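In what follows, a structure is listed as structure tokens, so that the remarks can point back to it.
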Amino acid sequence: MTTDLPPKVLVTKIGFDGHDRGSRVVAAHFRDAGMEVIYTPPWQEIAAVVKLAVEEDVDVIGISSLATDHLIVPKLMDALRAAGLGEVAVIVGGIVPDADEATLLASGVAKVFHPGVALEEIAAFVRDVTPKVRAARETAQEAT
Amino acid sequence: MNKPLDNHLFGSAESRWETEYVEGIGPERPVVNRSGIPVKPLYTPRDWDGLRKGRDPSAATVYDEALGFPGQPPYTRGIYATMHRGRTWTQRQLVGLGTPADYNARLRDLIDQGTSAVSLIPCNSVFRGYDMDEVHEELLGTCGTVVNSAAHMGEALAGVDLARTSCAMNDPSPFTLLAFLLATARERGVPWSAITGTSNQSDYLSHYVANHMFFRIALPGARRILVDHIEFCNRSVPKWNPMSVVGQHMQQAGATPAEAMAFTLATAIQTADDCVARGMAPDAFLPRFTFFFDISVSFFEEIAKFRAGRRIWARIARERFGAADPRAWRFKFHAQTSGVDLTRQQPLNNIARVAVQAMAGIFGGLQSLHTDAYDEALSTPTDAGARVAIATQNVLREEAHLTAVIDPLGGSYYVEALTDRMEAEILRVLKIVADAGGMYAAVESGLVQRMVGESARRFQASVESGEQTVVGVNRYQVAEDAAERQALARPDPARMRAHIASFRAWKAGRSQAAVARALDALAAAAHAPDANVFAAVVAAAEAGCTHGEICGRLRRELGFGHVQASV
């Protein structure tokens, strides 16, 4: 059982944009809040994010998006499911218009955080969702 | 620097005010600005008195020494004698979306509304160094224009008189967009000597530190190509500004206003040192240096930042680089209102923020201004948002008459005292960078990135603790009205697909031999220390090479750039 371990979170950016103030500030807050944080520079390929998530066995993936890169998050969701990581909670933070938020949630994203959100609110969500992710993963593993 | 004034100058009024203030205000938390400078409740001639004798024996007064007159060193009051009253600031809105044809339609609309200069923001795929047929199609054109060739540049600027229009392009190393512009000019018979404008974002160091929109060529290669670019432009495109030193990225990434100014000046020093090492004369290249800053909503602090920066740069150009031409001393800058200050909550409030930011930039003596659209915290700006941003400039200029008086806050006890304090803080940070071996070394070691990151976290903490109010975010929240958040029309996918198809067809029909020869010549230039890589980029653009081909070949020869992975 690993449920008493702190959440393990991958904080990253996919797509073209390199503005990483958001991802750095959020990652630093997670770290300071006692979580285990895997942080990458921007521009990760979707395949690289999936590979990291598998290797590091993360509970949550945080995608930071400033300049429309969230539009390829549905592709990431498909790739995660294909790799058997459907239980991992994916959260997206940044500039996400309302219509796109609906698309992201429909693709399986757990939550979208908009500018102005308190860091602690994001951290609380991660702490809250982690046991659910672990429970779902165990159920899935037992089923196979 | 001033000796204390005699108390009797104020009679008993001053001590009476002090008593009444302390009694009236009660216990008070110190007020500190974003750069960490304490702000007093009142400023008087004790803080700044222009008519006293200064430190410099050759200057009659503090006024002469610290301010002088517009167009004269140390330029605190402005770099031109006439400033905005003679020629208003350039209204330069960033524009970039969709296909080159989409961009051209938007551009002509903006020109009709009064915008006086062209700017071109390429798609982020261009920033990354790729052509449109190498990347995720759904991202193309969503926050910039997809320009991959000289032909695309011609389409984007159709109907624009290149000899009479100043073009600013976000065009990091290896400056393919300028190469495409020069190819377009040649095709239209416009001599390169008539081309004016600026290579925005040519400052690879700010990209490396802050927003990382440089992922093409590793630091040493980027450093060399920048000097090649400056040398080429000085010689062949003499009215072009090849160097735009960028403080905006670093302030947006979290640097305080004083830090952003200091890092910018340090970058200018680094690049000028590199040019001197190449054997170039400061009087030849410094007049074509320009600067680009962020304007936060911290009103007086921003005004003082710009005034102090102007004074420091004049001193650096004269004393450190020995420049004798006054054009080399002038701190020409473009500024953009800060997007980080804008909120998604109650987005119309952003119109007020942008107006305050723009006023700070205008009082700070800018040469060129971009006002953000109020909906920038929601998406890439809509047409409606872009119109309000332009109208804001028109109101400030022609209704509020902010152009009427030069440096109207000069002589304010507060503004002058704050300018002095900001100057001291900027010099303190400049020394940290100098002690680390200069900006290149300080960036390579990660020192600057750490300082920026710490300041970003400090600011975020002040917002979360409520110490810094953000209206609608941590105070004065109201129930959200989703109707205020209009959606942006994304580029038409069918048009983008047609753009890709015609690009593929055009590529297949080119002279492949000419393309291969030009790319080989580019590679040879990259390995020949005496060759000018940017000249080879221009030749490749004229030979029909694409952006992705040029960037890809240079990446192969000079190595990839990377970003430090530390938080």
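The way I read the labels, and the way they are meant: chains A, B, ... in the order of the structure tokens, residue 1 as the first residue of every chain, and ligand 1 as the first ligand shown, with later ones counted on from there.
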
- Task: Compile the contact shell of segment 306-322 of chain B as a list in words: residues with an atom at most 8 Å away, counting only C-alpha atoms, same-chain residues fewer than 6 positions apart removed.
- Result: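 Answer for this query is Pro73, Pro74, Tyr75, Thr76, Arg77, Gly78, Met261, Leu265, Pro282, Leu286, Ala328, Trp329, Arg330, Phe331, Gly361, Gly364, Gly365, Thr419, Asp420, Met422 and Glu423 of chain B.
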
Write out, as a Markdown table, each residue of chain A that has an atom at most 6 Å from chain B, together with the closest pair of atoms and their distance in Å to one decimal, counting only C-alpha atoms, rows going by chain and rising number.
| residue | atom | partner | partner_atom | distance |
| --- | --- | --- | --- | --- |
| A:Phe16 | CA | B:Asn124 | CA | 5.6 |
| A:Gly18 | CA | B:His212 | CA | 4.8 |
| A:His19 | CA | B:Asn211 | CA | 4.3 |
| A:Arg21 | CA | B:Ala253 | CA | 5.3 |
| A:Arg24 | CA | B:Val567 | CA | 5.5 |
| A:Thr40 | CA | B:Ala565 | CA | 5.7 |
| A:Pro41 | CA | B:Ala565 | CA | 5.3 |
| A:Ile95 | CA | B:Leu378 | CA | 5.7 |
| A:Pro97 | CA | B:Leu378 | CA | 5.7 |
| A:Gly116 | CA | B:Val473 | CA | 5.7 |

Next, write the just-selected residues to a file, as a short mmCIF file (atom, residue, chain, number, x, y, z; two decimals), in the first residue's frame, keeping N, CA and C atoms as the atom set.
data_model
loop_
_atom_site.label_atom_id
_atom_site.label_comp_id
_atom_site.auth_asym_id
_atom_site.auth_seq_id
_atom_site.Cartn_x
_atom_site.Cartn_y
_atom_site.Cartn_z
N PHE A 16 4.01 24.24 -28.07
CA PHE A 16 5.05 25.15 -28.57
C PHE A 16 5.54 26.19 -27.56
N GLY A 18 6.82 28.46 -24.45
CA GLY A 18 7.88 28.30 -23.45
C GLY A 18 7.69 29.13 -22.19
N HIS A 19 6.61 29.88 -22.05
CA HIS A 19 6.41 30.70 -20.85
C HIS A 19 6.17 29.78 -19.65
N ARG A 21 6.53 30.60 -16.18
CA ARG A 21 6.36 31.17 -14.84
C ARG A 21 5.32 30.36 -14.06
N ARG A 24 6.52 26.83 -13.03
CA ARG A 24 7.56 26.88 -11.99
C ARG A 24 6.97 27.24 -10.63
N THR A 40 9.51 19.31 -15.52
CA THR A 40 10.26 19.33 -16.77
C THR A 40 10.24 20.72 -17.37
N PRO A 41 11.21 21.03 -18.21
CA PRO A 41 11.14 22.25 -19.00
C PRO A 41 9.97 22.16 -19.98
N ILE A 95 -4.36 29.85 -19.35
CA ILE A 95 -5.35 30.60 -20.11
C ILE A 95 -6.16 29.60 -20.93
N PRO A 97 -9.97 29.22 -22.48
CA PRO A 97 -11.32 29.77 -22.67
C PRO A 97 -12.40 28.76 -22.27
N GLY A 116 -5.48 33.41 -11.33
CA GLY A 116 -6.06 34.01 -10.13
C GLY A 116 -6.38 32.98 -9.07
#

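The shortest atom-to-atom distance to Leu418 of chain B, with only C-alpha atoms taken into account, belongs to B:Lys305 out of B:Lys431, B:Lys305, B:His499, B:Arg504.
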
- Message: Which residues are near Ser199 of chain B? Cut-off 6 Å, only C-alpha atoms, ignore same chain within fewer than 2 positions. Put them as a ChimeraX atom specification.
- Response: /B:169,171,202,242

- Message: Given only C-alpha atoms as the basis, pick out the residue of B:Pro122, B:Ile390, B:Val354, B:Ser193 nearest to Tyr374 of chain B.
- Response: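 Under the stated criterion, the closest residue is B:Val354.
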
- Message: If I take atom CA of Phe291 of chain B and atom CA of His334 of chain B, how far is one from the other in Å, to one decimal?
- Response: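 Computing the Euclidean distance for atom CA of Phe291 of chain B and atom CA of His334 of chain B yields 6.3 Å.
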
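Residue nearest Gly86 of chain B within the list B:Ala404, B:Ala391, B:Ser173, B:Ile225: B:Ala404 [criterion: smallest interatomic distance, only C-alpha atoms].
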
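Note that atom CA of Asp128 of chain A and atom CA of Lys75 of chain A are 25.4 Å apart.
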